[in-house]
Structures are given as structure tokens and as C-alpha cells.
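Data file: target.txt. Format and content: compact mmCIF, C-alpha atoms and all ligand atoms.
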```txt
# COMPACT_ATOMS: atom_id res chain seq x y z
CA MET A 1 10.85 1.35 3.87
CA THR A 2 7.44 0.30 2.68
CA GLY A 3 5.81 -1.28 -0.32
CA ILE A 4 2.66 -1.49 -2.32
CA ARG A 5 1.33 -4.38 -4.42
CA PRO A 6 0.61 -3.41 -8.04
CA THR A 7 -2.70 -5.19 -8.42
CA GLY A 8 -4.94 -2.23 -9.31
CA LYS A 9 -5.15 1.53 -9.52
CA LEU A 10 -5.15 3.39 -6.22
CA HIS A 11 -8.28 4.79 -4.61
CA LEU A 12 -9.05 7.21 -1.78
CA GLY A 13 -8.74 4.37 0.75
CA HIS A 14 -5.09 3.92 -0.25
CA TYR A 15 -4.45 7.64 -0.05
CA PHE A 16 -5.99 8.39 3.34
CA GLY A 17 -5.07 4.97 4.76
CA ALA A 18 -1.36 5.05 3.91
CA VAL A 19 0.03 7.21 1.10
CA CYS A 20 -0.72 10.61 2.68
CA ASN A 21 1.37 9.49 5.65
CA TRP A 22 4.20 8.37 3.35
CA VAL A 23 4.18 11.79 1.65
CA LYS A 24 4.79 13.40 5.05
CA LEU A 25 7.41 10.84 6.11
CA GLN A 26 9.56 11.44 3.02
CA GLU A 27 10.28 14.91 4.39
CA ASP A 28 12.04 13.47 7.48
CA TYR A 29 13.28 10.03 6.41
CA GLN A 30 15.33 8.62 3.59
CA SER A 31 12.42 6.70 2.09
CA PHE A 32 12.14 3.62 -0.12
CA PHE A 33 8.86 2.75 -1.80
CA GLU A 34 8.79 -0.70 -3.32
CA ILE A 35 6.41 -1.59 -6.13
CA ALA A 36 6.00 -5.16 -4.91
CA ASP A 37 5.40 -6.99 -8.18
CA VAL A 38 6.90 -10.29 -6.94
CA GLN A 39 4.54 -10.24 -3.99
CA ALA A 40 1.60 -9.37 -6.24
CA LEU A 41 2.44 -12.47 -8.26
CA THR A 42 2.03 -14.77 -5.22
CA ASP A 43 -1.73 -14.68 -5.73
CA ASN A 44 -1.81 -13.35 -9.30
CA PHE A 45 0.75 -15.74 -10.80
CA ASN A 46 -1.73 -16.67 -13.52
CA ASP A 47 -2.34 -13.05 -14.54
CA PRO A 48 1.07 -11.50 -15.25
CA GLU A 49 -0.39 -8.87 -17.55
CA LYS A 50 -2.42 -7.42 -14.67
CA VAL A 51 0.69 -7.06 -12.52
CA ARG A 52 2.77 -5.64 -15.39
CA THR A 53 0.19 -2.96 -16.25
CA ASN A 54 -0.28 -1.96 -12.66
CA VAL A 55 3.43 -1.48 -11.96
CA ARG A 56 3.21 1.70 -14.05
CA GLU A 57 -0.31 2.63 -12.97
CA VAL A 58 0.55 2.46 -9.26
CA THR A 59 3.79 4.38 -9.85
CA ILE A 60 1.82 7.11 -11.63
CA ASP A 61 -0.65 7.18 -8.73
CA LEU A 62 2.14 7.51 -6.16
CA LEU A 63 3.82 10.32 -8.11
CA SER A 64 0.50 12.12 -8.53
CA LEU A 65 -0.21 11.86 -4.81
CA GLY A 66 3.04 13.55 -3.88
CA ILE A 67 5.72 10.89 -3.58
CA ASP A 68 8.66 12.88 -4.87
CA PRO A 69 11.38 10.95 -6.74
CA LYS A 70 13.85 13.73 -5.88
CA LYS A 71 13.38 12.97 -2.17
CA SER A 72 12.50 9.26 -2.22
CA THR A 73 13.43 6.08 -4.04
CA ILE A 74 10.69 4.30 -5.95
CA PHE A 75 11.76 0.91 -7.30
CA VAL A 76 10.43 -2.36 -8.69
CA GLN A 77 10.89 -5.41 -6.46
CA SER A 78 11.70 -7.90 -9.24
CA THR A 79 14.63 -5.78 -10.44
CA ILE A 80 16.45 -6.53 -7.18
CA PRO A 81 17.49 -10.22 -7.28
CA GLU A 82 19.15 -9.81 -3.86
CA ILE A 83 15.66 -9.83 -2.29
CA ALA A 84 14.99 -13.28 -3.73
CA GLU A 85 18.40 -14.49 -2.56
CA LEU A 86 17.83 -13.21 0.98
CA THR A 87 14.40 -14.87 0.99
CA VAL A 88 16.04 -18.24 0.38
CA TYR A 89 18.49 -17.84 3.27
CA TYR A 90 15.84 -16.48 5.63
CA SER A 91 13.52 -19.39 4.83
CA ASN A 92 15.87 -21.65 6.82
CA LEU A 93 15.32 -19.52 9.91
CA VAL A 94 11.52 -19.75 10.06
CA THR A 95 9.47 -22.79 10.94
CA MET A 96 6.31 -23.72 9.07
CA ALA A 97 4.41 -23.59 12.37
CA ARG A 98 5.50 -19.97 12.87
CA LEU A 99 4.41 -19.01 9.37
CA TYR A 100 1.01 -20.61 9.85
CA ARG A 101 0.61 -18.51 13.02
CA ASN A 102 1.03 -15.25 11.07
CA PRO A 103 -2.44 -13.63 11.30
CA THR A 104 -2.56 -12.59 7.63
CA VAL A 105 -1.54 -16.06 6.44
CA LYS A 106 -4.02 -17.59 8.89
CA THR A 107 -6.97 -15.50 7.62
CA GLU A 108 -6.14 -16.14 3.99
CA ILE A 109 -5.83 -19.87 4.53
CA LYS A 110 -9.17 -19.88 6.32
CA GLN A 111 -10.78 -18.10 3.35
CA LYS A 112 -9.21 -20.49 0.85
CA LYS A 113 -10.31 -23.50 2.86
CA ALA A 114 -13.86 -22.12 2.93
CA LEU A 115 -13.73 -21.71 -0.86
CA PHE A 116 -11.95 -24.90 -1.87
CA GLY A 117 -12.71 -27.31 0.95
CA ASN A 118 -10.89 -28.25 4.07
CA THR A 119 -7.71 -29.65 2.58
CA GLY A 120 -5.70 -26.44 2.27
CA GLU A 121 -4.32 -27.77 -1.01
CA SER A 122 -4.95 -24.50 -2.80
CA VAL A 123 -2.48 -22.65 -0.54
CA THR A 124 0.82 -22.26 -2.35
CA TYR A 125 4.31 -22.47 -0.90
CA GLY A 126 4.91 -18.91 -2.16
CA PHE A 127 1.91 -17.60 -0.30
CA VAL A 128 2.73 -19.20 3.06
CA GLY A 129 6.27 -17.90 2.71
CA TYR A 130 5.43 -14.33 1.80
CA PRO A 131 6.21 -12.93 5.30
CA VAL A 132 9.75 -14.23 4.73
CA SER A 133 10.04 -12.32 1.48
CA GLN A 134 8.71 -9.24 3.25
CA ALA A 135 11.52 -9.61 5.78
CA ALA A 136 13.92 -9.67 2.84
CA ASP A 137 12.28 -6.55 1.37
CA ILE A 138 12.81 -4.61 4.57
CA THR A 139 16.30 -5.80 5.47
CA ALA A 140 17.78 -5.62 1.96
CA PHE A 141 17.56 -1.82 2.22
CA GLU A 142 18.59 -1.68 5.89
CA GLY A 143 15.05 -0.55 6.65
CA ALA A 144 15.17 0.97 10.13
CA CYS A 145 11.56 2.17 10.23
CA VAL A 146 8.51 0.69 8.60
CA PRO A 147 5.29 2.70 8.58
CA VAL A 148 2.52 0.32 9.65
CA GLY A 149 -0.94 0.25 11.09
CA GLU A 150 -1.77 -1.77 14.20
CA ASP A 151 -2.89 -4.73 12.06
CA GLN A 152 0.50 -4.99 10.35
CA LEU A 153 2.53 -5.22 13.54
CA PRO A 154 2.81 -9.05 13.31
CA LEU A 155 4.65 -8.60 10.01
CA ILE A 156 7.31 -6.43 11.63
CA GLU A 157 7.51 -8.85 14.54
CA GLN A 158 8.20 -11.71 12.13
CA THR A 159 10.93 -9.68 10.42
CA ARG A 160 12.51 -8.77 13.75
CA GLU A 161 12.57 -12.45 14.75
CA ILE A 162 14.34 -13.36 11.51
CA VAL A 163 16.86 -10.54 11.97
CA HIS A 164 17.61 -11.60 15.57
CA LYS A 165 18.06 -15.21 14.59
CA PHE A 166 20.27 -14.31 11.64
CA ASN A 167 22.44 -11.96 13.70
CA SER A 168 22.75 -14.43 16.57
CA ILE A 169 23.93 -17.23 14.24
CA TYR A 170 26.05 -15.31 11.74
CA GLY A 171 27.04 -12.22 13.74
CA GLU A 172 25.72 -8.66 13.67
CA THR A 173 24.75 -8.16 10.01
CA LEU A 174 21.20 -6.97 9.56
CA THR A 175 19.39 -3.85 10.76
CA THR A 176 16.49 -4.54 13.13
CA PRO A 177 13.45 -2.62 11.88
CA GLU A 178 11.18 -0.63 14.17
CA PRO A 179 7.51 -0.16 13.38
CA LEU A 180 6.54 3.43 12.77
CA LEU A 181 3.04 3.15 14.06
CA SER A 182 0.48 5.42 12.44
CA SER A 183 -3.25 5.42 12.87
CA ASN A 184 -3.64 4.24 9.23
CA PRO A 185 -7.38 4.80 9.31
CA ARG A 186 -9.47 2.32 7.42
CA ILE A 187 -11.53 4.38 4.99
CA LYS A 188 -15.20 3.49 4.68
CA GLY A 189 -16.88 3.05 1.31
CA LEU A 190 -19.62 5.33 0.01
CA ASP A 191 -22.00 2.40 0.49
CA GLY A 192 -21.40 2.46 4.25
CA ASN A 193 -19.13 -0.61 4.20
CA GLU A 194 -16.38 -0.42 6.84
CA LYS A 195 -13.74 -0.71 4.13
CA MET A 196 -13.25 0.88 0.73
CA GLY A 197 -12.08 -1.78 -1.69
CA LYS A 198 -11.89 -2.75 -5.33
CA SER A 199 -13.63 -6.07 -4.80
CA LEU A 200 -16.43 -4.34 -2.85
CA GLY A 201 -17.16 -2.02 -5.80
CA ASN A 202 -17.39 1.00 -3.48
CA ALA A 203 -14.12 2.78 -4.24
CA ILE A 204 -13.40 6.21 -5.67
CA TYR A 205 -10.29 5.93 -7.81
CA LEU A 206 -7.83 8.74 -8.37
CA SER A 207 -8.35 8.13 -12.07
CA ASP A 208 -12.20 8.24 -11.96
CA SER A 209 -13.81 10.64 -14.44
CA LYS A 210 -16.03 13.52 -13.26
CA GLU A 211 -19.09 11.54 -14.39
CA GLU A 212 -18.03 8.46 -12.42
CA ILE A 213 -17.46 10.55 -9.30
CA GLU A 214 -20.88 12.19 -9.68
CA ARG A 215 -22.60 8.83 -10.15
CA LYS A 216 -20.85 7.31 -7.13
CA ILE A 217 -21.56 10.24 -4.80
CA MET A 218 -25.20 10.54 -5.89
CA GLY A 219 -25.60 6.86 -4.93
CA ALA A 220 -23.96 7.24 -1.50
CA VAL A 221 -25.74 5.99 1.61
CA THR A 222 -27.26 8.75 3.79
CA ASP A 223 -29.25 8.69 7.02
CA THR A 224 -32.06 6.35 5.95
CA SER A 225 -34.47 7.88 8.49
CA LYS A 226 -34.51 11.11 6.44
CA ILE A 227 -37.39 10.77 4.00
CA ARG A 228 -38.24 14.38 3.10
CA LYS A 229 -35.85 17.18 2.24
CA ASP A 230 -36.61 19.07 5.45
CA ASP A 231 -36.51 16.09 7.85
CA PRO A 232 -33.83 16.54 10.52
CA ALA A 233 -31.16 13.80 10.29
CA ASN A 234 -28.05 12.46 11.97
CA PRO A 235 -24.90 13.30 9.94
CA GLU A 236 -22.81 10.83 11.94
CA VAL A 237 -24.54 7.88 10.24
CA CYS A 238 -24.32 9.42 6.77
CA MET A 239 -21.52 8.56 4.32
CA VAL A 240 -21.86 11.90 2.55
CA TYR A 241 -21.06 13.69 5.81
CA TYR A 242 -18.22 11.22 6.46
CA TYR A 243 -16.63 12.31 3.16
CA HIS A 244 -17.26 16.02 3.79
CA LYS A 245 -15.26 15.48 6.97
CA LEU A 246 -12.56 13.33 5.37
CA LEU A 247 -11.98 15.90 2.63
CA ASP A 248 -11.89 18.73 5.13
CA ASN A 249 -14.79 20.72 3.70
CA PRO A 250 -14.34 24.25 5.16
CA ASN A 251 -18.15 24.41 5.33
CA LEU A 252 -18.35 21.34 7.58
CA GLU A 253 -20.01 22.99 10.57
CA THR A 254 -22.81 24.34 8.39
CA VAL A 255 -23.29 20.90 6.76
CA CYS A 256 -23.61 19.38 10.22
CA SER A 257 -25.98 21.92 11.73
CA GLU A 258 -28.18 22.24 8.61
CA CYS A 259 -28.46 18.44 8.45
CA LYS A 260 -29.41 18.22 12.11
CA ASN A 261 -32.14 20.85 11.89
CA GLY A 262 -33.53 19.80 8.53
CA ALA A 263 -32.33 22.87 6.67
CA ARG A 264 -30.56 20.95 3.88
CA GLY A 265 -31.64 18.29 1.45
CA CYS A 266 -29.49 15.28 0.65
CA VAL A 267 -29.32 16.04 -3.07
CA ALA A 268 -27.89 19.52 -2.43
CA CYS A 269 -25.55 18.07 0.16
CA LYS A 270 -24.27 15.46 -2.33
CA LYS A 271 -23.80 18.14 -4.98
CA GLU A 272 -21.67 20.12 -2.53
CA LEU A 273 -19.60 16.99 -1.85
CA ILE A 274 -19.08 16.49 -5.60
CA LYS A 275 -17.57 20.01 -5.72
CA VAL A 276 -15.34 19.34 -2.69
CA MET A 277 -14.24 15.99 -4.13
CA THR A 278 -13.54 17.52 -7.55
CA ASN A 279 -11.45 20.30 -5.97
CA PHE A 280 -9.48 17.66 -4.08
CA LEU A 281 -8.95 15.30 -7.01
CA ASP A 282 -8.38 17.81 -9.84
CA PRO A 283 -4.72 18.64 -9.05
CA ILE A 284 -4.00 14.92 -8.53
CA LYS A 285 -5.64 14.06 -11.83
CA GLU A 286 -3.76 16.84 -13.58
CA LYS A 287 -0.46 15.32 -12.43
CA ARG A 288 -1.76 11.87 -13.37
CA HIS A 289 -2.56 13.10 -16.85
CA TYR A 290 0.94 14.54 -17.20
CA TYR A 291 2.59 11.21 -16.33
CA GLU A 292 0.20 9.28 -18.58
CA LEU A 293 1.46 11.45 -21.45
CA HIS A 294 5.09 10.92 -20.40
CA PRO A 295 5.52 7.16 -19.84
CA ASP A 296 9.26 7.43 -20.54
CA GLU A 297 9.63 9.79 -17.59
CA VAL A 298 7.84 7.26 -15.35
CA ASP A 299 10.14 4.50 -16.62
CA GLN A 300 13.22 6.63 -15.98
CA ILE A 301 12.08 7.28 -12.39
CA LEU A 302 11.69 3.53 -11.86
CA ILE A 303 14.98 2.69 -13.56
CA LYS A 304 16.90 5.29 -11.55
CA GLY A 305 15.18 4.24 -8.31
CA SER A 306 15.76 0.54 -8.95
CA LYS A 307 19.45 1.08 -9.77
CA TYR A 308 19.96 3.04 -6.57
CA ALA A 309 17.99 0.54 -4.46
CA ARG A 310 20.09 -2.24 -5.91
CA THR A 311 23.35 -0.64 -4.79
CA ILE A 312 22.04 -0.74 -1.20
CA ALA A 313 20.76 -4.31 -1.55
CA LYS A 314 24.09 -5.43 -3.06
CA ASN A 315 25.90 -3.98 -0.08
CA THR A 316 23.61 -5.87 2.33
CA MET A 317 24.12 -9.04 0.32
CA ARG A 318 27.89 -8.64 0.44
CA LYS A 319 27.76 -8.51 4.27
CA VAL A 320 25.32 -11.43 4.41
CA ARG A 321 27.47 -13.63 2.15
CA GLU A 322 30.61 -12.74 4.09
CA ASN A 323 29.06 -13.56 7.47
CA MET A 324 27.40 -16.72 6.16
CA GLN A 325 30.82 -17.74 4.82
CA ILE A 326 29.58 -18.17 1.27
CA ASP A 327 31.81 -15.44 -0.16
CA TYR A 328 34.11 -17.97 -1.84
CA PHE A 329 35.79 -15.76 -4.42
CA LYS A 330 37.00 -12.17 -4.50
CA GLU A 331 36.08 -12.06 -8.15
CA GLU A 332 32.47 -11.41 -9.04
CA ILE A 333 30.97 -14.39 -10.85
FE1 LIG A 401 -26.26 13.20 4.92
FE2 LIG A 401 -26.24 15.66 4.03
FE3 LIG A 401 -28.47 14.19 3.91
FE4 LIG A 401 -27.54 15.04 6.24
S1 LIG A 401 -28.30 16.31 4.58
S2 LIG A 401 -28.26 12.98 5.77
S3 LIG A 401 -25.33 14.97 5.93
S4 LIG A 401 -26.58 13.85 2.81
```

Show how you would write the structure in this file as C-alpha cells.
Amino acid sequence: MTGIRPTGKLHLGHYFGAVCNWVKLQEDYQSFFEIADVQALTDNFNDPEKVRTNVREVTIDLLSLGIDPKKSTIFVQSTIPEIAELTVYYSNLVTMARLYRNPTVKTEIKQKKALFGNTGESVTYGFVGYPVSQAADITAFEGACVPVGEDQLPLIEQTREIVHKFNSIYGETLTTPEPLLSSNPRIKGLDGNEKMGKSLGNAIYLSDSKEEIERKIMGAVTDTSKIRKDDPANPEVCMVYYYHKLLDNPNLETVCSECKNGARGCVACKKELIKVMTNFLDPIKEKRHYYELHPDEVDQILIKGSKYARTIAKNTMRKVRENMQIDYFKEEI
């Protein structure tokens, strides 16, 4: 069980940092991929159009990258009201102090305080509580394994705490999730920044045109000590080499040795990377194009996935209500 916030189209950082791992995991696990629109609204509540548009865009990206709806369930968070209901019940089991200790919440609050002053008044109730809704996301679908990077471990810990508390008060009801730790590498930007990101303006999107890719690669940061074409350089400090490596260029050894002994110029090296990048992205873009032309097919995948996900969430909710003794009537209201 994992999720992605629909706040923008996906880029290579998303793919190499998470989605390529999900594509592999779907072969061995019954997988649920949540398009977390409710969560996206916690800090985009004043821009619903952005979230709405990106629900489809992100779904198209996932499908193009290899998430297979025949093997996995892709669903929209807001179509499952049971998640919201669980969030309410779980919110009684978490103290405010504990939520404020969550590293992600802590960092975000710090940033907001720096922007808006030291009062913390700009931090919404929904934002502070989002780890609780994440616990609901995971447990609603009996999520046993959650693929995470090291930095997301506190999120799983928070969910496990909620599950233990719930089960100890109301009896064994919820599945305790285990983190499925992966290296989740953080992908650097072409500008040498440690992270590729939309706000940093250094991302290569799966939907970028050939011209955009060329422009971005030609502007990539290389070894700044290399002035002339035949100067020897250090590929390990060059972002062009970093991407040759990331994209598994079969010619990698030659790129490395020619760079080191001054036998290759940066322009030629960038042109080679453009070819490697194009070869990598073309089949993804082809699939993307197909889904862009077939929006009804994308909608049907989401409808089918959401309906199936809801049957699981309803079953969890039935057990929760029973054990919390709020199952007053046999008849469905
Ligand atoms: Fe980077 Fe290639 Fe230039 Fe070496 S030759 S510095 S690897 S772009």
C-alpha cells in the first residue's frame, strides 16, 4: 500500500526515487496505489482545479511507467469515505504533542513559521493531522507492507502506534503495517542540486517534449574545471555523467575514461545523453500519448480500482464499527 499526491506531473525523480520500485513490487505483492487527492488538498485547499487536473495526469504517468491495472489497484482517495471516517476515530488516539513531534510536520511548521512569523497561526488543523489520515489510508486496505525510504520511517511508526493503541482498546482489529525499506535514492537535478523538484525548476518530466529535454540537458552542470574540449575532467562531479549512469548508458565506461583523459568534449557528451534520455523516455511517452487520447479508459481504470478498494475499506470499517460498539443496526443506513 502506498500513495502519491496529485499536485503535478511526475518527473524522473519520482520514477527513480519510488515508482520503479513499485513496478517491481506489484509482481510479488497485491498492491494498492492511492491517488491521494484529499492529502493534496491539505496544502492546496485553495486550488482545487490543480488537484483535480493532476488526479488524471498522475494516473496517466503511473500507467505509462508500468503500473499495471491488471495486477494492481489504482484508486482515488476521496472516493473512499471510510478513510475519512477512520481518520476521525484515530484522531482520538493521538496526542497533539505526538503529532508535533512527527519530523515532517515539524519541518513544515518550521518553514511556515519562518515565512509567516513565529505564531504558527498559518498551520492548519488538517495539516498537523495528516499523519493520522495516512494511518487511515494504510489500515483501511489492511496494508501489511508499505514501501518507504529511510526518511519516511516515522510515518510508519506513527501508524503502528495508532494500530497498537486501537487494537489494545477495542480488540484485535487492524493489521499492523511493516515498512518495506528500499533505498529510494534521492535523484539530483541537472543543475547539481541534491534534489530534483518542481519548485527547484530542475526536473525532467515524463511529458517533456524533445526540445525541452535538449534545452535542459544542454544547460546541465558539468565539471567546471574543464574549460577546453580536450581538458581532462572528473566525471564524478558532473551531472551529465550522473545521468549517463542513472540511465544505464551501455557506453558508460567509455564516457568515463574519455572524460578523464580529455578525449571527449562536453557538448558531444551532452548530445549522447540526449540520445540515451530520448531512448529511455520514448516508450513511456508513447504510452502517455495513448492514455491522453483515451481519457475514458483512464477513468474506467480509476473507477474500477476505487470500487474494488472500497470493498476492502468497507470490510475494515465493518470490523472497526463492530469492535468500537457503534454498529447499532443490522440494516445499512
Ligand atoms: Fe561531464 Fe562529459 Fe564533460 Fe566529462 S566530458 S565533464 S562527463 S559532460

Rank A:Pro283, A:Gly201, A:Gly143, A:Gly219 by their smallest atom-to-atom distance to A:Arg160, using all atoms listed in the file, and report the top residue only.
A:Gly143

Dump the neighbourhood of ligand LIG 401 (chain A) as an mmCIF file with C-alpha atoms, in the frame of the given file: all residues within 6 Å, distances computed on all atoms listed in the file.
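Final output, saved to selection_14.cif:
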```
data_model
loop_
_atom_site.group_PDB
_atom_site.id
_atom_site.type_symbol
_atom_site.label_atom_id
_atom_site.label_comp_id
_atom_site.auth_asym_id
_atom_site.auth_seq_id
_atom_site.Cartn_x
_atom_site.Cartn_y
_atom_site.Cartn_z
ATOM 1 C CA THR A 222 -27.260 8.750 3.790
ATOM 2 C CA ASP A 223 -29.250 8.690 7.020
ATOM 3 C CA ALA A 233 -31.160 13.800 10.290
ATOM 4 C CA PRO A 235 -24.900 13.300 9.940
ATOM 5 C CA CYS A 238 -24.320 9.420 6.770
ATOM 6 C CA VAL A 240 -21.860 11.900 2.550
ATOM 7 C CA TYR A 241 -21.060 13.690 5.810
ATOM 8 C CA CYS A 259 -28.460 18.440 8.450
ATOM 9 C CA ARG A 264 -30.560 20.950 3.880
ATOM 10 C CA GLY A 265 -31.640 18.290 1.450
ATOM 11 C CA CYS A 266 -29.490 15.280 0.650
ATOM 12 C CA CYS A 269 -25.550 18.070 0.160
ATOM 13 C CA LYS A 270 -24.270 15.460 -2.330
#
```

Considering all atoms listed in the file, state which residue in the set A:Thr107, A:Ser182, A:Gln134, A:Gln77 is at the smallest distance from A:Ala18.
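The closest residue to A:Ala18 is A:Ser182.
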
List the neighbours of A:Ala136 out to 12 Å using only C-alpha atoms; skip same-chain residues closer than 6 positions along the sequence, and give me the result as JSON, numbers by chain.
{"A": [1, 2, 36, 39, 77, 80, 81, 82, 83, 84, 85, 86, 87, 88, 89, 90, 91, 129, 130, 142, 143, 155, 156, 158, 159, 160, 162, 163, 166, 174, 175, 176, 177, 313, 316, 317, 320]}

Give me the residues near A:Tyr243 as a PyMOL selection string, where near means some atom within 8 Å (using all atoms listed in the file) and where sequence neighbours in that chain fewer than 4 positions away do not count.
chain A and resi 239+247+273

With only C-alpha atoms as the counted atoms, please give the residues lying no more than 10 Å from A:Phe16, apart from itself and same-chain residues fewer than 6 positions off, as a list in words.
Asn184, Pro185, Arg186, Ile187, Leu246 and Leu247 of chain A

Same residues, C-alpha atoms, output as an mmCIF file, in the coordinates of the input:
```
data_model
loop_
_atom_site.group_PDB
_atom_site.id
_atom_site.type_symbol
_atom_site.label_atom_id
_atom_site.label_comp_id
_atom_site.auth_asym_id
_atom_site.auth_seq_id
_atom_site.Cartn_x
_atom_site.Cartn_y
_atom_site.Cartn_z
ATOM 1 C CA ASN A 184 -3.640 4.240 9.230
ATOM 2 C CA PRO A 185 -7.380 4.800 9.310
ATOM 3 C CA ARG A 186 -9.470 2.320 7.420
ATOM 4 C CA ILE A 187 -11.530 4.380 4.990
ATOM 5 C CA LEU A 246 -12.560 13.330 5.370
ATOM 6 C CA LEU A 247 -11.980 15.900 2.630
#
```

Restricting the calculation to all atoms listed in the file, which member of A:Ile60, A:Val76, A:Val94, A:Ala203 is positioned closest to A:Gly13?
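Checking each candidate against A:Gly13, we get A:Ala203 as the closest.
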
Taking 4 positions as the minimum chain separation for residues in the same chain, which residues sit within 12 Å of A:Gln300 when counting only C-alpha atoms? Answer as a list in words.
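With the cut-off at 12 Å, the set is Arg56, Thr59, Pro69, Thr73, Ile74, Phe75, Val76, Tyr291, His294, Pro295, Asp296, Lys304, Gly305, Ser306 and Lys307 of chain A.
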
Written selection (C-alpha atoms) as a JSON list (two decimals), in the coordinates of the input:
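Once written, again.json looks like this:
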```
[["chain", "number", "residue", "atom", "x", "y", "z"],
["A", 56, "ARG", "CA", 3.21, 1.70, -14.05],
["A", 59, "THR", "CA", 3.79, 4.38, -9.85],
["A", 69, "PRO", "CA", 11.38, 10.95, -6.74],
["A", 73, "THR", "CA", 13.43, 6.08, -4.04],
["A", 74, "ILE", "CA", 10.69, 4.30, -5.95],
["A", 75, "PHE", "CA", 11.76, 0.91, -7.30],
["A", 76, "VAL", "CA", 10.43, -2.36, -8.69],
["A", 291, "TYR", "CA", 2.59, 11.21, -16.33],
["A", 294, "HIS", "CA", 5.09, 10.92, -20.40],
["A", 295, "PRO", "CA", 5.52, 7.16, -19.84],
["A", 296, "ASP", "CA", 9.26, 7.43, -20.54],
["A", 304, "LYS", "CA", 16.90, 5.29, -11.55],
["A", 305, "GLY", "CA", 15.18, 4.24, -8.31],
["A", 306, "SER", "CA", 15.76, 0.54, -8.95],
["A", 307, "LYS", "CA", 19.45, 1.08, -9.77]]
```

Among the residues A:Ile169, A:Val128, A:Val267, A:Leu65, the one that comes closest to A:Lys226 [using all atoms listed in the file]
A:Val267

Residues within 12 Å of stretch 44-51 of chain A, all atoms listed in the file, excluding chain neighbours under 2 positions, as number ranges by chain
A: 4-9, 35-42, 53-58, 76-78, 124, 126-127

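From atom CA of A:Val23 back to atom CA of A:Ile312, the distance works out to 22.0 Å.
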